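**Student:** Encoded as C-alpha cells, here's the structure I'll be asking about.
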Amino acid sequence: MSDDNTRVAVDIGGTFTDLVAVRDGTLSLEKASTTPANYADGVIDTLSKSDLSLSDVEQFVHGTTVVINAITERDGENCALITTDGFRDVLDITRANRPDMFNFRYEKPEPFVPRRDRFEVQERVDQAGNVLSTLEPDDVCDAVDDIRDRGIETIAVSYLNAYANPEHERRTQEIIAEEFPEAYVTLSHELTEEYREYERTNTAVLNSYVRPIADDYLTTLESHLDEHEVDGNRYVMKSNAGTSSFEQARQSPIEMVESGPVGGVFGAARVGEHVGEPNVISFDMGGTTAKASLVEDGEVDIDTEYWLESSAREEGYPVQIPVVDIVEIGAGGGSVAWVDKGDSINVGPKSAGADPGPACYGRGGTEPTVTDANLVTGRLNPEYFLGGEMELKVDQAESALESVADAFGMSVREAAHGVLRVVNSNMAHVLKQVSLRRGYDPREFVLVASGGAGGLHAATLGRELGVKETIVPRAPGQFSAWGMLLTDLRRDYVRTLVRPFEVGAAGAVDDAFARMSERAREAFAAENVSADEITIERSVDLRYDGQEHTVQTPIQAESERVTDNAMERTIDRFHQLHEQAYNFRLEDPVEMVNLRVTATAEMPKPTIDVLDRNGRPSDAQRDVRLVDFGAGGDHETAIYTRSSLPTETSFDGPAIVEEPACTTLVHPDQMCRIDQYGNLRISQQ
C-alpha cells in the first residue's frame, strides 16, 4: 500500500480502537483500548502511540460506534415529535410486520418518543404535494411551549407527505427558531424524501434522539485533535460506504449508525477485486460483535430499507437512509458465555467489552468469554497478545470457564470447546443468512475475514460454508480502519415520484434528476468540492403497473440528459433485471416509484502493492505449540510470524500465523497460500 500523503483512519470498536495511517508509502498500525467513558480519549491514545507527526496529517477519517451504542443502550436524549393532526400514533401502529406470527409473548417495539411527548398540529399536504390545509402557527407555538416546559431540547418534525412538499416542515423550523432557538431540530424531509410515513418518522426521531450526543462527541474529538495539532481535513465514515464532513455528521448523525463496520465491507470488496474474486462474503469479528455482508460482482449492496435490532422474533426499528447491507450479532472475542435455564450454552450478546474485558486480561473480569476459550485451547499465545503489549492470564481464563464446566460436569477444556462450537454456529448462521438464504451459493464466493478475532474462526466457518477460499488480508485487526481510507466523499439522494415511466415522461424525469443533482453539487460546494470533481450516478426504482415491489434500475443514458432513447433503454434494462430477480417479465406498463442520485467525489487512496518477500515458510516459523482442535484432536502446531512469511509460497496445517493484532488458525486438513499481496488464502487440502 503506497501513497505520498499522510492520511489516518481511526475506528472505534467495542473493545479496541484501531488506527491505520499511510505515510510516504508506509503503513502504520496501532491499537488501544476503547474508552467508553469518553470515546475521544481512545482515539487520541492511538494517535499518541503512533510515530506520526500529527501536524503532517492531511486527512483524518473516523468511524465510530457512538450512534449505534446510544440507540442499542437507550442512552440518547429525550426528544419530542411534532406531526400532522391525527398521526401521532404512527410510531405505535408501525408496519404490523410481526416476523414470528406464533409468538404469543410478542410485544411491539417501544417507540423512542413516548406518546405524551408527541404533538399534533393542523396542516395537510396530499401525496402529490398539494396543500389541502395550511399550517396553523399557533399549534406549533403551543407545542414548542410544552416541549420547552418539559425540559426537552431535541425535536423531530415529520408531517404527512412532507417528502412531496416540505414547505410546512420548513415553516415549522422557522417558528421553533423564534420560540426555542437552542433546540436541536430534525426535519424528516432533510433526511429522506421517500414515502412511507412510519419509516420516515422513525428515522427523524432516531436522528433527534442521538443528535446531542453525536454533537458533543464530535465537538470533544475536534478539540482533542486541535490540541494535538491534527489540522488536516476531517471526515466521518457514513453507513453508505462514503464519508462526510464533521459538520454534516452533526446535522444527520443517524447516517453514522453503521459507521465502523462499513469500512470492513468496503475493504473486503477491494481485496476481492485485487485477487480476481469479485464475489465476496465479508466477515468481521471484533471484540463485541461479528458482522457479515455479501458483495456480488464487486458491488457493495446499499439500500434504504434498513431495520435496527431486527431478528427472527423482533421486527426492530426502520431507518430510511442509505446503509450497506450488514447483518450483525453479539458474537465477538469479548462475548460472554452463559448457561440458560434449559442447560444450554449461550454466547452473547452481552460482552465484557474493554472495561473490564475478558477474564484473561486480568483487569477484573470474571465471566467466561470467547477469548478465554481460545486461550485455554492453546490457540492464542498468552505472551504475544497485541504483539506482547498485554500478557494474558491462562489461570484466570480457566477459572472463568469453570462455571460452564461445572454446569455440565466436564473439564474446563471441554467447556472451552463448547463455547467455541456455539459461537461458531451463531456466526455460521449469520453468514448463511447473507448468502444461502438469499439465493447465493457460497461455493461461488470467497470469505474475506477481518477483525481482531476473525482469523481464529474464519477457517472453521469457511470450511462449513464451503467457500472457494478463506482470505485473511493484511492488517486484519485494523481492517475496517484501512477500508475507510479507500472510500470517497459520498451523498445519496432518494426522492419518491410515482408516475408512469414511459418515453413521453423523459422531460419530467430529466427535470427531477437535474434538481437532485444540483442539490448534490451545492452540498459538496459547501465542503469546498468543485463541480468538476463530482461523479453522479442515477437510477430509478421501477415496477410493473399494479405491483408493490420495485427493481432498482440504472438510467441507461449516454449523457447527463435523460432523453426518449435513454428511457427506452432503461425500460429494456428493467425487464432484464426483473426477470433476473423474479424469473419472469411482463408486457405491462412500467411505473416509477423513486429516483436515486449518488454523488461522489474521489479521495486519495492507498494502493495495494505487490510484496517481494523471498524464502521458505520454514524461515518464518518461530515455535511449535500443542493446540487443541477439538474434534480434530491435539496437534503439535507450527507457529509462524506473518511479517516474515515469503510470498507465493504455501504450507500445510495445522498451523497458527501470529501478528500483533490478529491470530489466524489453519486446521490440520487445510493448507495456506501466501499470495503476491501478502494475503493468507486458506483452503481444504
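Naming works like this for the C-alpha cells: A, B, ... for the chains as they're shown, residue 1 at the start of each chain, ligands 1 onward in shown order.
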Which residues are near region 498-501 of chain A? Cut-off 10 Å, only C-alpha atoms, ignore same chain within fewer than 6 positions. Put them as a VMD selection string.
**Tutor:** chain A and resid 127 to 128 195 508 to 509 540 to 545 567 to 568 570 to 571 589 to 595
**Student:** Could you give me, as a count of residues only, the residues within 7 Å of region 397-406 of chain A, counting only C-alpha atoms and dropping anything in the same chain fewer than 2 positions from it?
**Tutor:** 19
**Student:** Could you check which of A:Pro114, A:Pro473, A:Gly316, A:Pro442 is closest to Asp284 (chain A), using only C-alpha atoms?
**Tutor:** A:Pro473
**Student:** May I ask for the distance between CA of Asp85 (chain A) and CA of Glu255 (chain A), given in Å to one decimal place?
**Tutor:**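 Computing the Euclidean distance for CA of Asp85 (chain A) and CA of Glu255 (chain A) yields 28.3 Å.
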**Student:** Please provide the set of residues having any atom within 10 Å of Phe651 (chain A), restricted to only C-alpha atoms, with same-chain residues fewer than 5 positions apart removed, written as a PyMOL selection string.
**Tutor:** chain A and resi 616-618+638+666+670-674+682
**Student:** Would you mind telling me which residue in A:Ala40, A:Val347, A:Asn374, A:Phe266 lies nearest to Glu222 (chain A) when using only C-alpha atoms?
**Tutor:**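 Using only C-alpha atoms, the shortest distance to Glu222 (chain A) belongs to A:Ala40.
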**Student:** Determine, counting only C-alpha atoms, which protein, DNA and RNA residues have an atom within 8 Å of an atom of Tyr493 (chain A); residues of the same chain fewer than 2 positions away are not included. Present the result as a PDB file with N, CA, C and O atoms, in the first residue's frame.
**Tutor:**
ATOM      1  N   THR A 192     -34.758  12.148   4.395  1.00  0.00           N
ATOM      2  CA  THR A 192     -35.273  11.263   3.353  1.00  0.00           C
ATOM      3  C   THR A 192     -36.476  11.887   2.668  1.00  0.00           C
ATOM      4  O   THR A 192     -37.351  12.456   3.338  1.00  0.00           O
ATOM      5  N   GLU A 193     -36.500  11.779   1.368  1.00  0.00           N
ATOM      6  CA  GLU A 193     -37.640  12.256   0.585  1.00  0.00           C
ATOM      7  C   GLU A 193     -38.398  11.070  -0.022  1.00  0.00           C
ATOM      8  O   GLU A 193     -39.011  11.191  -1.080  1.00  0.00           O
ATOM      9  N   ARG A 491     -22.664  11.289  -1.191  1.00  0.00           N
ATOM     10  CA  ARG A 491     -24.001  11.686  -0.763  1.00  0.00           C
ATOM     11  C   ARG A 491     -25.021  10.956  -1.623  1.00  0.00           C
ATOM     12  O   ARG A 491     -24.871  10.872  -2.843  1.00  0.00           O
ATOM     13  N   ARG A 495     -35.741  10.305  -3.954  1.00  0.00           N
ATOM     14  CA  ARG A 495     -36.978  11.085  -3.967  1.00  0.00           C
ATOM     15  C   ARG A 495     -38.105  10.239  -4.546  1.00  0.00           C
ATOM     16  O   ARG A 495     -37.949   9.650  -5.627  1.00  0.00           O
ATOM     17  N   MET A 516     -32.143  17.181  -8.278  1.00  0.00           N
ATOM     18  CA  MET A 516     -31.425  16.376  -7.292  1.00  0.00           C
ATOM     19  C   MET A 516     -29.914  16.518  -7.466  1.00  0.00           C
ATOM     20  O   MET A 516     -29.160  16.626  -6.479  1.00  0.00           O
ATOM     21  N   ALA A 520     -26.899  18.012  -4.866  1.00  0.00           N
ATOM     22  CA  ALA A 520     -25.639  17.339  -4.557  1.00  0.00           C
ATOM     23  C   ALA A 520     -24.456  18.276  -4.771  1.00  0.00           C
ATOM     24  O   ALA A 520     -23.540  18.355  -3.937  1.00  0.00           O
ATOM     25  N   ARG A 596     -33.115   7.996  -7.741  1.00  0.00           N
ATOM     26  CA  ARG A 596     -31.944   7.912  -6.868  1.00  0.00           C
ATOM     27  C   ARG A 596     -30.745   8.587  -7.536  1.00  0.00           C
ATOM     28  O   ARG A 596     -30.469   8.346  -8.717  1.00  0.00           O
ATOM     29  N   VAL A 597     -30.055   9.394  -6.764  1.00  0.00           N
ATOM     30  CA  VAL A 597     -28.821  10.028  -7.224  1.00  0.00           C
ATOM     31  C   VAL A 597     -27.723   9.738  -6.207  1.00  0.00           C
ATOM     32  O   VAL A 597     -27.909   9.948  -5.001  1.00  0.00           O
ATOM     33  N   THR A 598     -26.615   9.226  -6.694  1.00  0.00           N
ATOM     34  CA  THR A 598     -25.433   9.021  -5.858  1.00  0.00           C
ATOM     35  C   THR A 598     -24.333   9.924  -6.380  1.00  0.00           C
ATOM     36  O   THR A 598     -23.914   9.793  -7.544  1.00  0.00           O
TER      37      THR A 598
END
**Student:** For region 130-140 of chain A, find every residue with an atom within 12 Å (counting only C-alpha atoms), except residues of its own chain fewer than 6 positions away, and show them as a ChimeraX atom specification.
**Tutor:** /A:81-85,118-124,146-147,155,157,159-180
**Student:** For the selection you just gave me, I'd like the residues written to a file as a CSV table (one decimal), in the first residue's frame, keeping N, CA and C atoms.
**Tutor:**
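Dumped everything to out_10.csv:
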chain,number,residue,atom,x,y,z
A,81,LEU,N,-41.8,14.8,19.3
A,81,LEU,CA,-42.2,14.7,17.9
A,81,LEU,C,-43.4,15.7,17.6
A,82,ILE,N,-43.2,16.5,16.6
A,82,ILE,CA,-44.3,17.3,16.1
A,82,ILE,C,-44.8,16.7,14.7
A,83,THR,N,-46.1,16.4,14.6
A,83,THR,CA,-46.5,15.7,13.4
A,83,THR,C,-47.9,16.2,13.0
A,84,THR,N,-48.4,15.7,11.9
A,84,THR,CA,-49.7,16.1,11.4
A,84,THR,C,-50.9,15.6,12.3
A,85,ASP,N,-51.9,16.5,12.4
A,85,ASP,CA,-53.0,16.1,13.3
A,85,ASP,C,-53.6,14.8,12.8
A,118,ARG,N,-45.5,13.5,22.0
A,118,ARG,CA,-45.8,13.7,20.6
A,118,ARG,C,-47.0,14.7,20.4
A,119,PHE,N,-46.8,15.6,19.6
A,119,PHE,CA,-47.7,16.8,19.4
A,119,PHE,C,-48.2,16.9,18.0
A,120,GLU,N,-49.5,17.1,17.9
A,120,GLU,CA,-50.2,17.2,16.6
A,120,GLU,C,-50.5,18.7,16.3
A,121,VAL,N,-50.3,19.0,15.0
A,121,VAL,CA,-50.6,20.4,14.6
A,121,VAL,C,-51.5,20.3,13.3
A,122,GLN,N,-52.3,21.3,13.1
A,122,GLN,CA,-53.2,21.4,12.0
A,122,GLN,C,-52.3,21.7,10.7
A,123,GLU,N,-52.3,20.8,9.8
A,123,GLU,CA,-51.7,21.0,8.5
A,123,GLU,C,-52.0,19.8,7.6
A,124,ARG,N,-52.0,19.9,6.3
A,124,ARG,CA,-52.2,18.7,5.5
A,124,ARG,C,-51.7,19.0,4.1
A,146,ASP,N,-44.9,23.7,25.3
A,146,ASP,CA,-45.0,22.5,26.1
A,146,ASP,C,-43.7,21.7,26.1
A,147,ILE,N,-43.0,21.6,25.0
A,147,ILE,CA,-41.8,20.9,24.9
A,147,ILE,C,-40.7,21.5,25.7
A,155,ILE,N,-36.1,18.0,19.0
A,155,ILE,CA,-37.4,18.0,18.4
A,155,ILE,C,-37.3,17.4,16.9
A,157,VAL,N,-39.5,16.8,13.5
A,157,VAL,CA,-40.7,17.2,12.8
A,157,VAL,C,-40.9,16.3,11.6
A,159,TYR,N,-44.2,15.6,9.0
A,159,TYR,CA,-45.5,15.8,8.5
A,159,TYR,C,-45.9,14.8,7.4
A,160,LEU,N,-47.2,14.5,7.3
A,160,LEU,CA,-47.7,13.6,6.3
A,160,LEU,C,-47.3,14.2,4.9
A,161,ASN,N,-46.7,13.3,4.1
A,161,ASN,CA,-46.4,13.6,2.7
A,161,ASN,C,-45.4,14.8,2.6
A,162,ALA,N,-44.6,15.0,3.6
A,162,ALA,CA,-43.6,16.1,3.5
A,162,ALA,C,-42.6,15.8,2.5
A,163,TYR,N,-42.4,14.6,2.1
A,163,TYR,CA,-41.4,14.3,1.0
A,163,TYR,C,-41.8,14.9,-0.3
A,164,ALA,N,-43.1,15.1,-0.5
A,164,ALA,CA,-43.6,15.7,-1.7
A,164,ALA,C,-43.6,17.2,-1.7
A,165,ASN,N,-43.8,17.8,-0.5
A,165,ASN,CA,-43.8,19.2,-0.4
A,165,ASN,C,-43.4,19.6,1.1
A,166,PRO,N,-42.2,20.0,1.3
A,166,PRO,CA,-41.7,20.2,2.6
A,166,PRO,C,-41.9,21.6,3.2
A,167,GLU,N,-42.7,22.5,2.6
A,167,GLU,CA,-42.8,23.9,3.0
A,167,GLU,C,-43.4,24.0,4.4
A,168,HIS,N,-44.2,23.1,4.9
A,168,HIS,CA,-44.7,23.2,6.2
A,168,HIS,C,-43.7,22.8,7.3
A,169,GLU,N,-42.8,21.8,6.9
A,169,GLU,CA,-41.7,21.5,7.8
A,169,GLU,C,-40.8,22.7,7.9
A,170,ARG,N,-40.5,23.3,6.8
A,170,ARG,CA,-39.5,24.4,6.9
A,170,ARG,C,-40.1,25.6,7.7
A,171,ARG,N,-41.4,25.8,7.5
A,171,ARG,CA,-42.0,26.9,8.3
A,171,ARG,C,-42.0,26.6,9.8
A,172,THR,N,-42.2,25.3,10.1
A,172,THR,CA,-42.2,24.9,11.5
A,172,THR,C,-40.8,25.2,12.1
A,173,GLN,N,-39.8,24.9,11.3
A,173,GLN,CA,-38.4,25.1,11.8
A,173,GLN,C,-38.2,26.6,12.1
A,174,GLU,N,-38.7,27.5,11.3
A,174,GLU,CA,-38.6,28.9,11.5
A,174,GLU,C,-39.3,29.3,12.8
A,175,ILE,N,-40.5,28.7,13.0
A,175,ILE,CA,-41.2,29.1,14.3
A,175,ILE,C,-40.4,28.6,15.5
A,176,ILE,N,-39.9,27.4,15.4
A,176,ILE,CA,-39.1,26.9,16.6
A,176,ILE,C,-37.9,27.7,16.8
A,177,ALA,N,-37.2,28.2,15.7
A,177,ALA,CA,-36.1,29.0,15.9
A,177,ALA,C,-36.4,30.3,16.6
A,178,GLU,N,-37.6,30.8,16.4
A,178,GLU,CA,-38.1,32.1,17.1
A,178,GLU,C,-38.4,31.8,18.5
A,179,GLU,N,-39.1,30.7,18.8
A,179,GLU,CA,-39.6,30.4,20.1
A,179,GLU,C,-38.6,29.7,21.0
A,180,PHE,N,-37.8,28.8,20.4
A,180,PHE,CA,-36.9,28.0,21.2
A,180,PHE,C,-35.6,27.8,20.4
**Student:** Looking only at alpha helix (DSSP H) from DSSP on the backbone, list the matching residues of region 446-606 of chain A as a PyMOL selection string.
**Tutor:** chain A and resi 454-465+479-484+506-525+564-582
**Student:** Go through A:Leu497, A:Ile68, A:Ala525, A:Leu91 and flag the residue nearest Ile213 (chain A), using only C-alpha atoms for the distances.
**Tutor:**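 Looking only at the distances to Ile213 (chain A), the closest residue turns out to be A:Ile68.
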**Student:** For CA of Phe112 (chain A) and CA of Pro349 (chain A), quote the distance in Å rounded to one decimal.
**Tutor:**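 A separation of 21.6 Å between them.
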**Student:** From a DSSP calculation on the backbone, collect every residue of region 111-288 of chain A in strand (DSSP E) and output the set as a ChimeraX atom specification.
**Tutor:** /A:118-121,124-125,131-133,154-158,184-187,233-237,242-245,280-285
**Student:** For the residues in the current selection, export N, CA and C atoms as a compact mmCIF listing (two decimals), in the first residue's frame.
**Tutor:**
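Resulting contents of part38.txt:
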# COMPACT_ATOMS: atom_id res chain seq x y z
N ARG A 118 -45.53 13.49 21.98
CA ARG A 118 -45.83 13.65 20.56
C ARG A 118 -46.95 14.68 20.43
N PHE A 119 -46.76 15.65 19.55
CA PHE A 119 -47.69 16.77 19.45
C PHE A 119 -48.22 16.87 18.02
N GLU A 120 -49.54 17.07 17.91
CA GLU A 120 -50.19 17.19 16.61
C GLU A 120 -50.49 18.66 16.30
N VAL A 121 -50.33 19.02 15.03
CA VAL A 121 -50.65 20.38 14.59
C VAL A 121 -51.51 20.30 13.34
N ARG A 124 -52.00 19.89 6.31
CA ARG A 124 -52.22 18.70 5.50
C ARG A 124 -51.75 18.95 4.07
N VAL A 125 -50.97 18.01 3.57
CA VAL A 125 -50.48 18.02 2.19
C VAL A 125 -50.81 16.65 1.61
N VAL A 131 -51.21 21.48 -1.12
CA VAL A 131 -51.59 21.88 0.24
C VAL A 131 -53.10 21.81 0.37
N LEU A 132 -53.58 20.93 1.24
CA LEU A 132 -55.01 20.79 1.49
C LEU A 132 -55.44 21.64 2.68
N SER A 133 -54.52 21.81 3.64
CA SER A 133 -54.81 22.62 4.82
C SER A 133 -53.51 23.30 5.24
N THR A 154 -34.61 18.41 22.10
CA THR A 154 -34.49 17.86 20.75
C THR A 154 -35.88 17.60 20.19
N ILE A 155 -36.10 18.03 18.95
CA ILE A 155 -37.43 17.96 18.35
C ILE A 155 -37.32 17.38 16.94
N ALA A 156 -38.14 16.36 16.69
CA ALA A 156 -38.27 15.82 15.34
C ALA A 156 -39.57 16.33 14.74
N VAL A 157 -39.53 16.77 13.49
CA VAL A 157 -40.72 17.25 12.79
C VAL A 157 -40.95 16.34 11.59
N SER A 158 -42.12 15.69 11.56
CA SER A 158 -42.42 14.79 10.45
C SER A 158 -43.90 14.94 10.09
N TYR A 184 -32.46 21.46 19.31
CA TYR A 184 -31.99 20.68 18.15
C TYR A 184 -33.23 20.28 17.35
N VAL A 185 -33.26 20.59 16.07
CA VAL A 185 -34.43 20.30 15.25
C VAL A 185 -34.03 19.42 14.07
N THR A 186 -34.80 18.35 13.86
CA THR A 186 -34.63 17.48 12.70
C THR A 186 -35.90 17.52 11.86
N LEU A 187 -35.76 17.83 10.58
CA LEU A 187 -36.88 17.80 9.65
C LEU A 187 -36.80 16.51 8.84
N ASN A 233 -7.89 17.74 6.88
CA ASN A 233 -9.33 17.59 6.63
C ASN A 233 -9.87 16.44 7.47
N ARG A 234 -11.03 16.67 8.07
CA ARG A 234 -11.61 15.68 8.98
C ARG A 234 -12.93 15.17 8.42
N TYR A 235 -13.03 13.85 8.35
CA TYR A 235 -14.21 13.23 7.78
C TYR A 235 -14.73 12.14 8.71
N VAL A 236 -16.03 11.89 8.58
CA VAL A 236 -16.68 10.83 9.33
C VAL A 236 -17.18 9.78 8.35
N MET A 237 -16.97 8.51 8.70
CA MET A 237 -17.47 7.41 7.87
C MET A 237 -18.97 7.31 8.03
N GLY A 242 -19.52 5.91 2.29
CA GLY A 242 -18.90 7.17 1.92
C GLY A 242 -18.51 7.95 3.16
N THR A 243 -17.90 9.09 2.96
CA THR A 243 -17.51 9.93 4.09
C THR A 243 -18.14 11.31 3.95
N SER A 244 -18.22 12.00 5.06
CA SER A 244 -18.75 13.37 5.06
C SER A 244 -17.97 14.19 6.08
N SER A 245 -18.18 15.47 6.04
CA SER A 245 -17.51 16.36 6.99
C SER A 245 -18.09 16.20 8.39
N VAL A 280 -17.66 -11.84 -2.95
CA VAL A 280 -17.03 -11.88 -1.62
C VAL A 280 -18.09 -11.92 -0.53
N ILE A 281 -17.85 -12.74 0.48
CA ILE A 281 -18.61 -12.66 1.73
C ILE A 281 -17.68 -12.02 2.74
N SER A 282 -18.05 -10.87 3.23
CA SER A 282 -17.23 -10.15 4.22
C SER A 282 -17.60 -10.62 5.62
N PHE A 283 -16.58 -10.98 6.40
CA PHE A 283 -16.79 -11.43 7.77
C PHE A 283 -15.84 -10.67 8.68
N ASP A 284 -16.42 -9.97 9.65
CA ASP A 284 -15.63 -9.13 10.56
C ASP A 284 -16.00 -9.50 11.99
N MET A 285 -15.06 -10.07 12.72
CA MET A 285 -15.29 -10.45 14.12
C MET A 285 -14.36 -9.65 15.00
**Student:** When distances are computed from only C-alpha atoms, which of A:Gly462, A:Gly362, A:Gly615, A:Pro660 shows the smallest separation from Arg642 (chain A)?
**Tutor:**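 For Arg642 (chain A), the nearest of the given residues is A:Pro660.
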**Student:** When you look at region 296-311 of chain A with a cut-off of 7 Å (counting only C-alpha atoms), what residues show up, excluding the ones that are within fewer than 3 positions of it in the same chain? I need them as a VMD selection string.
**Tutor:** chain A and resid 240 266 269 273 278 to 280 314 to 325
**Student:** Please report the interatomic distance between CA of Thr600 (chain A) and CA of Leu577 (chain A) in Å with one decimal.
**Tutor:**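 Those two atoms sit 24.7 Å apart.
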**Student:** Select, from A:Gly276, A:Asp56, A:Ala268, A:Arg200, the residue with the minimum atom-to-atom distance to Asp231 (chain A), counting only C-alpha atoms.
**Tutor:**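 Closest to Asp231 (chain A) of all the choices is A:Asp56.
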**Student:** Applying 10 Å and only C-alpha atoms, which residues near Gly630 (chain A) remain after dropping the ones on its own chain fewer than 3 positions away? List them as a tab-separated table (two decimals) with N, CA and C atoms, in the first residue's frame.
**Tutor:**
chain	number	residue	atom	x	y	z
A	377	THR	N	-7.56	-23.34	24.90
A	377	THR	CA	-7.31	-24.41	23.93
A	377	THR	C	-5.97	-24.26	23.22
A	413	ARG	N	-11.35	-27.60	29.58
A	413	ARG	CA	-11.03	-27.66	28.16
A	413	ARG	C	-12.26	-28.02	27.33
A	414	GLU	N	-13.03	-28.97	27.80
A	414	GLU	CA	-14.26	-29.34	27.10
A	414	GLU	C	-15.26	-28.19	27.09
A	416	ALA	N	-14.50	-25.06	27.13
A	416	ALA	CA	-13.99	-24.08	26.17
A	416	ALA	C	-14.41	-24.45	24.76
A	417	HIS	N	-14.33	-25.74	24.42
A	417	HIS	CA	-14.74	-26.16	23.09
A	417	HIS	C	-16.25	-26.00	22.89
A	418	GLY	N	-17.01	-26.22	23.96
A	418	GLY	CA	-18.44	-25.99	23.87
A	418	GLY	C	-18.75	-24.55	23.53
A	420	LEU	N	-16.74	-22.46	21.96
A	420	LEU	CA	-16.30	-22.18	20.59
A	420	LEU	C	-17.27	-22.75	19.57
A	421	ARG	N	-17.82	-23.93	19.85
A	421	ARG	CA	-18.78	-24.51	18.90
A	421	ARG	C	-20.05	-23.66	18.81
A	627	VAL	N	-1.76	-27.52	20.29
A	627	VAL	CA	-3.04	-26.83	20.14
A	627	VAL	C	-4.15	-27.87	20.10
A	633	GLY	N	-8.65	-33.24	17.48
A	633	GLY	CA	-7.60	-33.73	18.37
A	633	GLY	C	-6.52	-32.70	18.67
A	634	ASP	N	-5.57	-33.10	19.51
A	634	ASP	CA	-4.42	-32.25	19.85
A	634	ASP	C	-3.32	-32.44	18.81
**Student:** Which of these, A:Leu486, A:Phe479, A:Ala407, A:Gly365, has the shortest distance to Pro606 (chain A) once you count only C-alpha atoms?
**Tutor:**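 Going through A:Leu486, A:Phe479, A:Ala407, A:Gly365 one by one, the smallest distance to Pro606 (chain A) is for A:Leu486.
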